[in-house]
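K.L.:
Following this message is one structure expressed as structure tokens.
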Amino acid sequence: MRKKLLAGNWKMNLAWNEAMTLFANIVSESKPYLDKVDIAVFPPSIYQRQCFEFAKQNKSAVIVGAQDCSAQNGGAFTGEVSAQMLRSIGVSHCLVGHSERREYHHEGSRMLSEKVERLLEVGLIPVFCCGESLQDRDNDNQTFVIDNQLDGRIFELNAELFSKVVIAYEPVWAIGTGRTATAEQAQDMHEFIRGLVQSKYGAEIAQNLRILYGGSMNESNAAELLNQPDVDGGLIGGASLKLDAFISIIKAAAL
Ligand code: PGA
């Protein structure tokens with residue numbers, strides 16, 4: 001049985017005091033649910049250490065993740081943060097290939113697979129994001145696009161390494177738009193992804209793989225989405241910035 005993972009992606013939001021207040025509230029209000037679901041928060045990088053310390057001091061299992069990392073090991077790469085540095089401050093998970101990074105920072109499959117490798121080398125868990133554009137969805141090309149985003153590089157990992165990866169299916173047309181995939185659309189794509197993984201790595205790895213849905217998940221649609229057999233949690237942007245909404249989604253997953 002896969003344990004659901006609810007991950008809040010804060011993106012580039014919240015001043016430091018707002019971020020720490022929200023994190024403290026998440027830690028205290030998520031307590032009753034942490035034995036049933038995993039909860040992760042992906043704050044901006046400069047807040048990660050303090051969030052980690054806060055969770056530790058409060059003996060909370062809330063996970064602290066990073067929104068990005070460098071494809072390099074270290075050295076003269078101004079502005080970059082390495083996987084090793086993330087590990088050294090207590091971060092355990094890292095998003096890779098979020099559509100905003102693919103679009104605004106032109107991150108392609110080669111760079112993304114290098115980031116995945118850097119993370120796995122130091123024992124961090126990559127949350128690998130994939131998703132089709134509106135145009136691809138309108139042309140019914142979604143399975144082709146996802147196959148392309150996963151095949152080739154990330155599927156070059158050996159089975160042991162791949163088994164550590166979490167996948168997030170995030171249709172680009174649903175991110176931050178208020179337009180959510182229907183539960184049926186999400187289930188179809190998650191089932192398709194699990195099928196691809198099964199043909200590459202076999203049934204056991206496919207059955208253990210967690211596939212999160214992301215794209216305008218909120219307190220009204222979470223229960224239906226999370227009820228789908230192949231939806232193992234959510235990557236939540238906007239709604240994770242509102243305490244009540246995020247906790248409602250966690251509750252829906254814990255039922
Ligand atoms: P959203 O963002 O929930 O605001 O659509 C999801 C994401 O980008 O991970």
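In the structure tokens, chains take letters A, B, ... by order of appearance, with residues numbered from 1 within each chain and ligands from 1 in the order shown.
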Give the residues close to ligand 1, within 9 Å, counting only C-alpha atoms and all ligand atoms; write them as a PDB file with all heavy atoms, in the first residue's frame.
P.N.:
```
ATOM      1  N   ALA A   7       2.573  17.503  -0.877  1.00  0.00           N
ATOM      2  CA  ALA A   7       3.747  18.364  -0.932  1.00  0.00           C
ATOM      3  C   ALA A   7       3.322  19.783  -1.302  1.00  0.00           C
ATOM      4  O   ALA A   7       2.674  19.990  -2.333  1.00  0.00           O
ATOM      5  CB  ALA A   7       4.734  17.821  -1.959  1.00  0.00           C
ATOM      6  N   GLY A   8       3.670  20.736  -0.464  1.00  0.00           N
ATOM      7  CA  GLY A   8       3.342  22.132  -0.726  1.00  0.00           C
ATOM      8  C   GLY A   8       4.527  22.818  -1.398  1.00  0.00           C
ATOM      9  O   GLY A   8       5.619  22.878  -0.832  1.00  0.00           O
ATOM     10  N   ASN A   9       4.289  23.299  -2.615  1.00  0.00           N
ATOM     11  CA  ASN A   9       5.342  24.011  -3.348  1.00  0.00           C
ATOM     12  C   ASN A   9       5.069  25.510  -3.205  1.00  0.00           C
ATOM     13  O   ASN A   9       4.181  26.044  -3.859  1.00  0.00           O
ATOM     14  CB  ASN A   9       5.307  23.569  -4.823  1.00  0.00           C
ATOM     15  CG  ASN A   9       6.263  24.361  -5.692  1.00  0.00           C
ATOM     16  OD1 ASN A   9       7.126  25.080  -5.179  1.00  0.00           O
ATOM     17  ND2 ASN A   9       6.124  24.231  -6.994  1.00  0.00           N
ATOM     18  N   TRP A  10       5.854  26.142  -2.347  1.00  0.00           N
ATOM     19  CA  TRP A  10       5.589  27.563  -2.063  1.00  0.00           C
ATOM     20  C   TRP A  10       6.078  28.501  -3.179  1.00  0.00           C
ATOM     21  O   TRP A  10       5.766  29.688  -3.170  1.00  0.00           O
ATOM     22  CB  TRP A  10       6.267  27.968  -0.741  1.00  0.00           C
ATOM     23  CG  TRP A  10       5.571  27.430   0.480  1.00  0.00           C
ATOM     24  CD1 TRP A  10       4.428  26.679   0.514  1.00  0.00           C
ATOM     25  CD2 TRP A  10       5.965  27.629   1.844  1.00  0.00           C
ATOM     26  NE1 TRP A  10       4.098  26.389   1.817  1.00  0.00           N
ATOM     27  CE2 TRP A  10       5.021  26.967   2.655  1.00  0.00           C
ATOM     28  CE3 TRP A  10       7.027  28.305   2.464  1.00  0.00           C
ATOM     29  CZ2 TRP A  10       5.110  26.956   4.048  1.00  0.00           C
ATOM     30  CZ3 TRP A  10       7.114  28.294   3.844  1.00  0.00           C
ATOM     31  CH2 TRP A  10       6.163  27.627   4.630  1.00  0.00           C
ATOM     32  N   LYS A  11       6.863  27.989  -4.086  1.00  0.00           N
ATOM     33  CA  LYS A  11       7.420  28.816  -5.173  1.00  0.00           C
ATOM     34  C   LYS A  11       8.087  30.068  -4.575  1.00  0.00           C
ATOM     35  O   LYS A  11       8.626  30.004  -3.480  1.00  0.00           O
ATOM     36  CB  LYS A  11       6.334  29.156  -6.201  1.00  0.00           C
ATOM     37  CG  LYS A  11       5.594  27.892  -6.670  1.00  0.00           C
ATOM     38  CD  LYS A  11       4.683  28.120  -7.831  1.00  0.00           C
ATOM     39  CE  LYS A  11       3.975  26.807  -8.164  1.00  0.00           C
ATOM     40  NZ  LYS A  11       3.143  26.903  -9.337  1.00  0.00           N
ATOM     41  N   HIS A  98      10.205  21.109 -12.775  1.00  0.00           N
ATOM     42  CA  HIS A  98       8.907  21.798 -12.687  1.00  0.00           C
ATOM     43  C   HIS A  98       8.701  22.581 -13.986  1.00  0.00           C
ATOM     44  O   HIS A  98       9.653  23.134 -14.548  1.00  0.00           O
ATOM     45  CB  HIS A  98       8.891  22.742 -11.478  1.00  0.00           C
ATOM     46  CG  HIS A  98       7.524  23.271 -11.208  1.00  0.00           C
ATOM     47  ND1 HIS A  98       6.985  24.289 -11.955  1.00  0.00           N
ATOM     48  CD2 HIS A  98       6.576  22.897 -10.322  1.00  0.00           C
ATOM     49  CE1 HIS A  98       5.747  24.523 -11.528  1.00  0.00           C
ATOM     50  NE2 HIS A  98       5.472  23.698 -10.536  1.00  0.00           N
ATOM     51  N   SER A  99       7.464  22.675 -14.435  1.00  0.00           N
ATOM     52  CA  SER A  99       7.225  23.304 -15.749  1.00  0.00           C
ATOM     53  C   SER A  99       7.699  24.751 -15.779  1.00  0.00           C
ATOM     54  O   SER A  99       8.082  25.263 -16.830  1.00  0.00           O
ATOM     55  CB  SER A  99       5.754  23.212 -16.127  1.00  0.00           C
ATOM     56  OG  SER A  99       4.993  23.974 -15.227  1.00  0.00           O
ATOM     57  N   GLU A 100       7.679  25.422 -14.595  1.00  0.00           N
ATOM     58  CA  GLU A 100       8.161  26.814 -14.583  1.00  0.00           C
ATOM     59  C   GLU A 100       9.666  26.862 -14.828  1.00  0.00           C
ATOM     60  O   GLU A 100      10.174  27.796 -15.453  1.00  0.00           O
ATOM     61  CB  GLU A 100       7.775  27.479 -13.249  1.00  0.00           C
ATOM     62  CG  GLU A 100       6.274  27.753 -13.208  1.00  0.00           C
ATOM     63  CD  GLU A 100       5.632  27.691 -11.837  1.00  0.00           C
ATOM     64  OE1 GLU A 100       6.358  27.753 -10.823  1.00  0.00           O
ATOM     65  OE2 GLU A 100       4.396  27.565 -11.773  1.00  0.00           O
ATOM     66  N   CYS A 129       9.040  16.175 -12.153  1.00  0.00           N
ATOM     67  CA  CYS A 129       7.769  16.689 -12.669  1.00  0.00           C
ATOM     68  C   CYS A 129       7.676  16.502 -14.180  1.00  0.00           C
ATOM     69  O   CYS A 129       8.659  16.720 -14.906  1.00  0.00           O
ATOM     70  CB  CYS A 129       7.635  18.177 -12.362  1.00  0.00           C
ATOM     71  SG  CYS A 129       7.850  18.581 -10.626  1.00  0.00           S
ATOM     72  N   ALA A 168       5.808  13.491 -10.323  1.00  0.00           N
ATOM     73  CA  ALA A 168       4.644  14.378 -10.199  1.00  0.00           C
ATOM     74  C   ALA A 168       4.112  14.639 -11.602  1.00  0.00           C
ATOM     75  O   ALA A 168       4.847  15.150 -12.462  1.00  0.00           O
ATOM     76  CB  ALA A 168       5.028  15.686  -9.519  1.00  0.00           C
ATOM     77  N   GLU A 170       1.978  16.911 -13.704  1.00  0.00           N
ATOM     78  CA  GLU A 170       1.410  18.260 -13.601  1.00  0.00           C
ATOM     79  C   GLU A 170       1.105  18.802 -14.992  1.00  0.00           C
ATOM     80  O   GLU A 170       1.988  19.377 -15.646  1.00  0.00           O
ATOM     81  CB  GLU A 170       2.418  19.202 -12.925  1.00  0.00           C
ATOM     82  CG  GLU A 170       2.775  18.810 -11.516  1.00  0.00           C
ATOM     83  CD  GLU A 170       3.238  20.025 -10.722  1.00  0.00           C
ATOM     84  OE1 GLU A 170       4.257  20.634 -11.093  1.00  0.00           O
ATOM     85  OE2 GLU A 170       2.568  20.383  -9.754  1.00  0.00           O
ATOM     86  N   VAL A 172       0.499  21.248 -17.623  1.00  0.00           N
ATOM     87  CA  VAL A 172       0.873  22.668 -17.561  1.00  0.00           C
ATOM     88  C   VAL A 172      -0.360  23.569 -17.584  1.00  0.00           C
ATOM     89  O   VAL A 172      -0.411  24.597 -16.906  1.00  0.00           O
ATOM     90  CB  VAL A 172       1.845  23.003 -18.726  1.00  0.00           C
ATOM     91  CG1 VAL A 172       2.220  24.472 -18.716  1.00  0.00           C
ATOM     92  CG2 VAL A 172       3.097  22.141 -18.636  1.00  0.00           C
ATOM     93  N   TRP A 173      -1.391  23.154 -18.304  1.00  0.00           N
ATOM     94  CA  TRP A 173      -2.604  23.958 -18.430  1.00  0.00           C
ATOM     95  C   TRP A 173      -3.396  24.026 -17.126  1.00  0.00           C
ATOM     96  O   TRP A 173      -4.323  24.825 -17.014  1.00  0.00           O
ATOM     97  CB  TRP A 173      -3.485  23.424 -19.563  1.00  0.00           C
ATOM     98  CG  TRP A 173      -3.682  21.934 -19.538  1.00  0.00           C
ATOM     99  CD1 TRP A 173      -2.878  21.003 -20.139  1.00  0.00           C
ATOM    100  CD2 TRP A 173      -4.718  21.199 -18.876  1.00  0.00           C
ATOM    101  NE1 TRP A 173      -3.360  19.742 -19.890  1.00  0.00           N
ATOM    102  CE2 TRP A 173      -4.495  19.832 -19.126  1.00  0.00           C
ATOM    103  CE3 TRP A 173      -5.828  21.556 -18.110  1.00  0.00           C
ATOM    104  CZ2 TRP A 173      -5.315  18.821 -18.627  1.00  0.00           C
ATOM    105  CZ3 TRP A 173      -6.653  20.552 -17.613  1.00  0.00           C
ATOM    106  CH2 TRP A 173      -6.395  19.210 -17.876  1.00  0.00           C
ATOM    107  N   ALA A 174      -3.021  23.207 -16.156  1.00  0.00           N
ATOM    108  CA  ALA A 174      -3.747  23.225 -14.875  1.00  0.00           C
ATOM    109  C   ALA A 174      -2.960  23.930 -13.776  1.00  0.00           C
ATOM    110  O   ALA A 174      -3.485  24.154 -12.693  1.00  0.00           O
ATOM    111  CB  ALA A 174      -4.055  21.792 -14.443  1.00  0.00           C
ATOM    112  N   ILE A 175      -1.712  24.306 -14.051  1.00  0.00           N
ATOM    113  CA  ILE A 175      -0.886  24.884 -12.987  1.00  0.00           C
ATOM    114  C   ILE A 175      -1.197  26.360 -12.814  1.00  0.00           C
ATOM    115  O   ILE A 175      -1.009  27.161 -13.743  1.00  0.00           O
ATOM    116  CB  ILE A 175       0.617  24.693 -13.284  1.00  0.00           C
ATOM    117  CG1 ILE A 175       0.951  23.197 -13.286  1.00  0.00           C
ATOM    118  CG2 ILE A 175       1.476  25.431 -12.254  1.00  0.00           C
ATOM    119  CD1 ILE A 175       2.388  22.887 -13.593  1.00  0.00           C
ATOM    120  N   GLY A 176      -1.685  26.692 -11.628  1.00  0.00           N
ATOM    121  CA  GLY A 176      -1.945  28.090 -11.285  1.00  0.00           C
ATOM    122  C   GLY A 176      -3.063  28.716 -12.084  1.00  0.00           C
ATOM    123  O   GLY A 176      -3.236  29.935 -12.078  1.00  0.00           O
ATOM    124  N   THR A 177      -3.837  27.908 -12.806  1.00  0.00           N
ATOM    125  CA  THR A 177      -4.864  28.456 -13.682  1.00  0.00           C
ATOM    126  C   THR A 177      -6.253  28.324 -13.083  1.00  0.00           C
ATOM    127  O   THR A 177      -7.213  28.899 -13.597  1.00  0.00           O
ATOM    128  CB  THR A 177      -4.889  27.692 -15.028  1.00  0.00           C
ATOM    129  OG1 THR A 177      -5.114  26.299 -14.730  1.00  0.00           O
ATOM    130  CG2 THR A 177      -3.585  27.840 -15.781  1.00  0.00           C
ATOM    131  N   GLY A 178      -6.381  27.524 -12.037  1.00  0.00           N
ATOM    132  CA  GLY A 178      -7.700  27.257 -11.475  1.00  0.00           C
ATOM    133  C   GLY A 178      -8.434  26.190 -12.284  1.00  0.00           C
ATOM    134  O   GLY A 178      -9.522  25.749 -11.930  1.00  0.00           O
ATOM    135  N   ARG A 179      -7.825  25.763 -13.386  1.00  0.00           N
ATOM    136  CA  ARG A 179      -8.453  24.730 -14.214  1.00  0.00           C
ATOM    137  C   ARG A 179      -7.795  23.393 -13.873  1.00  0.00           C
ATOM    138  O   ARG A 179      -6.633  23.164 -14.188  1.00  0.00           O
ATOM    139  CB  ARG A 179      -8.199  25.087 -15.686  1.00  0.00           C
ATOM    140  CG  ARG A 179      -8.898  24.157 -16.626  1.00  0.00           C
ATOM    141  CD  ARG A 179      -8.687  24.565 -18.076  1.00  0.00           C
ATOM    142  NE  ARG A 179      -8.913  23.396 -18.917  1.00  0.00           N
ATOM    143  CZ  ARG A 179      -8.643  23.374 -20.208  1.00  0.00           C
ATOM    144  NH1 ARG A 179      -8.135  24.421 -20.807  1.00  0.00           N
ATOM    145  NH2 ARG A 179      -8.882  22.277 -20.901  1.00  0.00           N
ATOM    146  N   THR A 180      -8.508  22.535 -13.178  1.00  0.00           N
ATOM    147  CA  THR A 180      -7.922  21.263 -12.725  1.00  0.00           C
ATOM    148  C   THR A 180      -8.219  20.166 -13.726  1.00  0.00           C
ATOM    149  O   THR A 180      -9.268  20.190 -14.373  1.00  0.00           O
ATOM    150  CB  THR A 180      -8.583  20.818 -11.394  1.00  0.00           C
ATOM    151  OG1 THR A 180      -8.823  21.970 -10.626  1.00  0.00           O
ATOM    152  CG2 THR A 180      -7.713  19.856 -10.637  1.00  0.00           C
ATOM    153  N   TYR A 213      -0.280  14.139  -8.186  1.00  0.00           N
ATOM    154  CA  TYR A 213      -0.940  15.010  -9.154  1.00  0.00           C
ATOM    155  C   TYR A 213      -0.700  16.461  -8.748  1.00  0.00           C
ATOM    156  O   TYR A 213      -0.797  16.810  -7.558  1.00  0.00           O
ATOM    157  CB  TYR A 213      -2.461  14.747  -9.214  1.00  0.00           C
ATOM    158  CG  TYR A 213      -3.136  15.839 -10.011  1.00  0.00           C
ATOM    159  CD1 TYR A 213      -3.102  15.822 -11.398  1.00  0.00           C
ATOM    160  CD2 TYR A 213      -3.703  16.947  -9.363  1.00  0.00           C
ATOM    161  CE1 TYR A 213      -3.642  16.866 -12.128  1.00  0.00           C
ATOM    162  CE2 TYR A 213      -4.246  17.991 -10.096  1.00  0.00           C
ATOM    163  CZ  TYR A 213      -4.209  17.949 -11.480  1.00  0.00           C
ATOM    164  OH  TYR A 213      -4.716  18.990 -12.208  1.00  0.00           O
ATOM    165  N   GLY A 214      -0.417  17.320  -9.705  1.00  0.00           N
ATOM    166  CA  GLY A 214      -0.279  18.749  -9.421  1.00  0.00           C
ATOM    167  C   GLY A 214      -0.979  19.573 -10.484  1.00  0.00           C
ATOM    168  O   GLY A 214      -0.962  19.227 -11.668  1.00  0.00           O
ATOM    169  N   GLY A 215      -1.578  20.679 -10.059  1.00  0.00           N
ATOM    170  CA  GLY A 215      -2.274  21.570 -10.999  1.00  0.00           C
ATOM    171  C   GLY A 215      -3.612  21.971 -10.410  1.00  0.00           C
ATOM    172  O   GLY A 215      -4.597  21.235 -10.534  1.00  0.00           O
ATOM    173  N   SER A 216      -3.601  23.121  -9.691  1.00  0.00           N
ATOM    174  CA  SER A 216      -4.833  23.666  -9.094  1.00  0.00           C
ATOM    175  C   SER A 216      -5.553  22.682  -8.174  1.00  0.00           C
ATOM    176  O   SER A 216      -6.778  22.688  -8.099  1.00  0.00           O
ATOM    177  CB  SER A 216      -5.778  24.188 -10.178  1.00  0.00           C
ATOM    178  OG  SER A 216      -5.143  25.244 -10.887  1.00  0.00           O
ATOM    179  N   MET A 217      -4.810  21.830  -7.467  1.00  0.00           N
ATOM    180  CA  MET A 217      -5.466  20.998  -6.452  1.00  0.00           C
ATOM    181  C   MET A 217      -5.844  21.924  -5.304  1.00  0.00           C
ATOM    182  O   MET A 217      -5.061  22.775  -4.891  1.00  0.00           O
ATOM    183  CB  MET A 217      -4.536  19.887  -5.951  1.00  0.00           C
ATOM    184  CG  MET A 217      -5.264  18.915  -5.018  1.00  0.00           C
ATOM    185  SD  MET A 217      -4.194  17.641  -4.313  1.00  0.00           S
ATOM    186  CE  MET A 217      -4.311  16.349  -5.523  1.00  0.00           C
ATOM    187  N   ASN A 218      -7.075  21.777  -4.818  1.00  0.00           N
ATOM    188  CA  ASN A 218      -7.525  22.631  -3.719  1.00  0.00           C
ATOM    189  C   ASN A 218      -8.452  21.846  -2.798  1.00  0.00           C
ATOM    190  O   ASN A 218      -8.687  20.650  -3.015  1.00  0.00           O
ATOM    191  CB  ASN A 218      -8.187  23.913  -4.245  1.00  0.00           C
ATOM    192  CG  ASN A 218      -9.384  23.595  -5.120  1.00  0.00           C
ATOM    193  OD1 ASN A 218     -10.137  22.671  -4.835  1.00  0.00           O
ATOM    194  ND2 ASN A 218      -9.559  24.352  -6.188  1.00  0.00           N
ATOM    195  N   GLY A 234      -0.361  14.786  -3.773  1.00  0.00           N
ATOM    196  CA  GLY A 234      -0.471  16.002  -4.560  1.00  0.00           C
ATOM    197  C   GLY A 234       0.748  16.884  -4.419  1.00  0.00           C
ATOM    198  O   GLY A 234       1.419  16.893  -3.380  1.00  0.00           O
ATOM    199  N   LEU A 235       1.044  17.613  -5.494  1.00  0.00           N
ATOM    200  CA  LEU A 235       2.026  18.694  -5.444  1.00  0.00           C
ATOM    201  C   LEU A 235       1.189  19.966  -5.582  1.00  0.00           C
ATOM    202  O   LEU A 235       0.582  20.209  -6.634  1.00  0.00           O
ATOM    203  CB  LEU A 235       3.046  18.552  -6.580  1.00  0.00           C
ATOM    204  CG  LEU A 235       4.165  19.581  -6.626  1.00  0.00           C
ATOM    205  CD1 LEU A 235       4.921  19.662  -5.305  1.00  0.00           C
ATOM    206  CD2 LEU A 235       5.167  19.246  -7.743  1.00  0.00           C
ATOM    207  N   ILE A 236       1.143  20.710  -4.495  1.00  0.00           N
ATOM    208  CA  ILE A 236       0.140  21.759  -4.359  1.00  0.00           C
ATOM    209  C   ILE A 236       0.824  23.118  -4.292  1.00  0.00           C
ATOM    210  O   ILE A 236       1.653  23.354  -3.401  1.00  0.00           O
ATOM    211  CB  ILE A 236      -0.684  21.504  -3.074  1.00  0.00           C
ATOM    212  CG1 ILE A 236      -1.298  20.091  -3.133  1.00  0.00           C
ATOM    213  CG2 ILE A 236      -1.764  22.557  -2.892  1.00  0.00           C
ATOM    214  CD1 ILE A 236      -1.194  19.348  -1.840  1.00  0.00           C
ATOM    215  N   GLY A 237       0.475  23.998  -5.204  1.00  0.00           N
ATOM    216  CA  GLY A 237       1.075  25.329  -5.213  1.00  0.00           C
ATOM    217  C   GLY A 237       0.235  26.301  -4.416  1.00  0.00           C
ATOM    218  O   GLY A 237       0.317  26.392  -3.194  1.00  0.00           O
ATOM    219  N   GLY A 238      -0.647  27.029  -5.118  1.00  0.00           N
ATOM    220  CA  GLY A 238      -1.440  28.098  -4.506  1.00  0.00           C
ATOM    221  C   GLY A 238      -2.109  27.701  -3.192  1.00  0.00           C
ATOM    222  O   GLY A 238      -2.030  28.433  -2.201  1.00  0.00           O
ATOM    223  N   ALA A 239      -2.764  26.544  -3.168  1.00  0.00           N
ATOM    224  CA  ALA A 239      -3.514  26.154  -1.968  1.00  0.00           C
ATOM    225  C   ALA A 239      -2.588  25.809  -0.795  1.00  0.00           C
ATOM    226  O   ALA A 239      -3.037  25.800   0.355  1.00  0.00           O
ATOM    227  CB  ALA A 239      -4.442  24.980  -2.284  1.00  0.00           C
ATOM    228  N   SER A 240      -1.320  25.571  -1.053  1.00  0.00           N
ATOM    229  CA  SER A 240      -0.412  25.237   0.064  1.00  0.00           C
ATOM    230  C   SER A 240       0.039  26.499   0.805  1.00  0.00           C
ATOM    231  O   SER A 240       0.668  26.423   1.854  1.00  0.00           O
ATOM    232  CB  SER A 240       0.806  24.456  -0.426  1.00  0.00           C
ATOM    233  OG  SER A 240       1.718  25.303  -1.099  1.00  0.00           O
TER     234      SER A 240
END
```
K.L.:
Give me the residues within 10 Å of region 140-146 of chain A as a PyMOL selection string, counting only C-alpha atoms and dropping any in the same chain fewer than 2 places off.
P.N.:
chain A and resi 129-138+148-151+169+171+188-189+192-193+196
K.L.:
Would you please give, as a PyMOL selection string, all residues of region 9-240 of chain A that DSSP assigns to helix (DSSP H, G or I) based on the backbone?
P.N.:
chain A and resi 16-29+31-33+45-57+83-88+99-104+109-121+134-138+142-150+154-156+159-162+172-174+183-201+203-208+222-226+238-240
K.L.:
Write out as a PyMOL selection string the residues lying within 10 Å of Leu34 (chain A), counting only C-alpha atoms and excluding same-chain residues fewer than 3 positions away.
P.N.:
chain A and resi 27+29-31+37-39+60-62+250+254
K.L.:
Just the number, please: distance in Å from CA of Phe128 (chain A) to CA of Ser92 (chain A), one decimal.
P.N.:
13.9 Å
K.L.:
What separation in Å, quoted to one decimal, exists between CA of Ser70 (chain A) and CA of Glu117 (chain A)?
P.N.:
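Between CA of Ser70 (chain A) and CA of Glu117 (chain A) the gap is 10.6 Å.
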K.L.:
Neighbours of Val64 (chain A) within 12 Å (only C-alpha atoms; same-chain residues fewer than 4 positions away dropped), as a ChimeraX atom specification?
P.N.:
/A:6-10,23,26-27,38-45,47-56,60,86-87,89-95,124-125
K.L.:
Selected residues, N, CA and C atoms, written as a compact mmCIF listing (two decimals), in the first residue's frame, please.
P.N.:
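Once written, again.txt looks like this:
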```
# COMPACT_ATOMS: atom_id res chain seq x y z
N LEU A 6 1.71 14.53 0.45
CA LEU A 6 1.15 15.86 0.14
C LEU A 6 2.28 16.86 0.24
N ALA A 7 2.57 17.50 -0.88
CA ALA A 7 3.75 18.36 -0.93
C ALA A 7 3.32 19.78 -1.30
N GLY A 8 3.67 20.74 -0.46
CA GLY A 8 3.34 22.13 -0.73
C GLY A 8 4.53 22.82 -1.40
N ASN A 9 4.29 23.30 -2.61
CA ASN A 9 5.34 24.01 -3.35
C ASN A 9 5.07 25.51 -3.21
N TRP A 10 5.85 26.14 -2.35
CA TRP A 10 5.59 27.56 -2.06
C TRP A 10 6.08 28.50 -3.18
N PHE A 23 4.80 27.80 8.31
CA PHE A 23 5.43 26.50 8.55
C PHE A 23 5.11 26.00 9.96
N ILE A 26 1.65 24.70 10.04
CA ILE A 26 1.54 23.40 9.35
C ILE A 26 2.05 22.30 10.27
N VAL A 27 3.18 22.55 10.92
CA VAL A 27 3.75 21.55 11.83
C VAL A 27 2.74 21.21 12.92
N ASP A 38 2.39 11.25 4.34
CA ASP A 38 3.63 12.03 4.42
C ASP A 38 3.32 13.46 3.98
N ILE A 39 3.93 14.40 4.67
CA ILE A 39 3.70 15.81 4.34
C ILE A 39 5.05 16.48 4.10
N ALA A 40 5.13 17.22 3.00
CA ALA A 40 6.38 17.91 2.69
C ALA A 40 6.09 19.35 2.33
N VAL A 41 7.02 20.22 2.67
CA VAL A 41 6.92 21.63 2.29
C VAL A 41 8.20 21.98 1.53
N PHE A 42 8.02 22.66 0.41
CA PHE A 42 9.16 23.08 -0.42
C PHE A 42 9.24 24.61 -0.37
N PRO A 43 9.91 25.16 0.65
CA PRO A 43 10.00 26.62 0.76
C PRO A 43 11.10 27.17 -0.15
N PRO A 44 11.13 28.48 -0.34
CA PRO A 44 12.28 29.09 -1.03
C PRO A 44 13.57 28.70 -0.30
N SER A 45 14.66 28.65 -1.03
CA SER A 45 15.88 28.05 -0.47
C SER A 45 16.37 28.72 0.81
N TYR A 47 14.84 29.77 3.27
CA TYR A 47 14.06 29.42 4.47
C TYR A 47 14.21 27.94 4.85
N GLN A 48 14.83 27.17 4.00
CA GLN A 48 14.80 25.72 4.22
C GLN A 48 15.45 25.29 5.52
N ARG A 49 16.61 25.88 5.83
CA ARG A 49 17.33 25.44 7.03
C ARG A 49 16.49 25.70 8.29
N GLN A 50 15.90 26.89 8.34
CA GLN A 50 15.13 27.22 9.53
C GLN A 50 13.88 26.35 9.65
N CYS A 51 13.27 26.04 8.53
CA CYS A 51 12.10 25.14 8.57
C CYS A 51 12.54 23.77 9.07
N PHE A 52 13.65 23.28 8.56
CA PHE A 52 14.14 21.97 9.00
C PHE A 52 14.39 21.97 10.50
N GLU A 53 15.06 23.02 11.00
CA GLU A 53 15.36 23.11 12.44
C GLU A 53 14.07 23.14 13.25
N PHE A 54 13.10 23.88 12.74
CA PHE A 54 11.84 24.01 13.47
C PHE A 54 11.14 22.65 13.57
N ALA A 55 11.10 21.92 12.46
CA ALA A 55 10.45 20.60 12.46
C ALA A 55 11.18 19.67 13.43
N LYS A 56 12.50 19.74 13.40
CA LYS A 56 13.30 18.87 14.26
C LYS A 56 13.05 19.18 15.74
N SER A 60 8.68 16.88 14.60
CA SER A 60 7.68 16.70 13.55
C SER A 60 8.30 15.98 12.36
N LEU A 86 22.22 21.03 -0.13
CA LEU A 86 20.85 20.79 0.37
C LEU A 86 20.86 19.71 1.43
N ARG A 87 21.58 18.65 1.14
CA ARG A 87 21.63 17.54 2.10
C ARG A 87 22.23 18.01 3.43
N ILE A 89 22.00 20.71 4.93
CA ILE A 89 21.11 21.50 5.82
C ILE A 89 19.85 20.74 6.20
N GLY A 90 19.74 19.48 5.80
CA GLY A 90 18.61 18.67 6.24
C GLY A 90 17.50 18.48 5.22
N VAL A 91 17.69 19.05 4.03
CA VAL A 91 16.69 18.84 2.97
C VAL A 91 16.78 17.39 2.49
N SER A 92 15.62 16.77 2.25
CA SER A 92 15.66 15.35 1.83
C SER A 92 15.04 15.11 0.45
N HIS A 93 14.24 16.06 -0.04
CA HIS A 93 13.57 15.90 -1.33
C HIS A 93 13.85 17.14 -2.19
N CYS A 94 13.79 16.98 -3.50
CA CYS A 94 13.99 18.16 -4.35
C CYS A 94 13.18 18.02 -5.64
N LEU A 95 12.46 19.08 -5.99
CA LEU A 95 11.73 19.08 -7.26
C LEU A 95 12.74 19.14 -8.40
N LEU A 124 19.44 12.11 -1.90
CA LEU A 124 18.20 12.91 -1.86
C LEU A 124 17.17 12.32 -2.82
N ILE A 125 15.91 12.57 -2.54
CA ILE A 125 14.83 12.01 -3.36
C ILE A 125 14.37 13.04 -4.38
```
K.L.:
When you count only C-alpha atoms, which of these residues is closest to Met1 (chain A): A:Asp244, A:Glu18, A:Asp230, A:Glu191?
P.N.:
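Between A:Asp244, A:Glu18, A:Asp230, A:Glu191, the residue approaching Met1 (chain A) most closely is A:Asp230.
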K.L.:
Any idea what the distance is between CA of Gln198 (chain A) and CA of Glu103 (chain A)?
P.N.:
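We find that CA of Gln198 (chain A) and CA of Glu103 (chain A) lie 29.0 Å from each other.
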K.L.:
Going by DSSP on the backbone, which residues of region 81-238 of chain A come out as strand (DSSP E or B)? List them as a PyMOL selection string.
P.N.:
chain A and resi 93-96+125-130+166-169+211-214+233-236
K.L.:
With only C-alpha atoms as the basis for distance, which of A:Tyr33, A:Leu157, A:Asp232, A:Asn227 is at the shortest distance from Ser248 (chain A)?
P.N.:
A:Tyr33
K.L.:
Nearest to Ala252 (chain A): which of A:Val81, A:Leu119, A:Val231, A:Ala223 is it, counting only C-alpha atoms?
P.N.:
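Using only C-alpha atoms, the shortest distance to Ala252 (chain A) belongs to A:Ala223.
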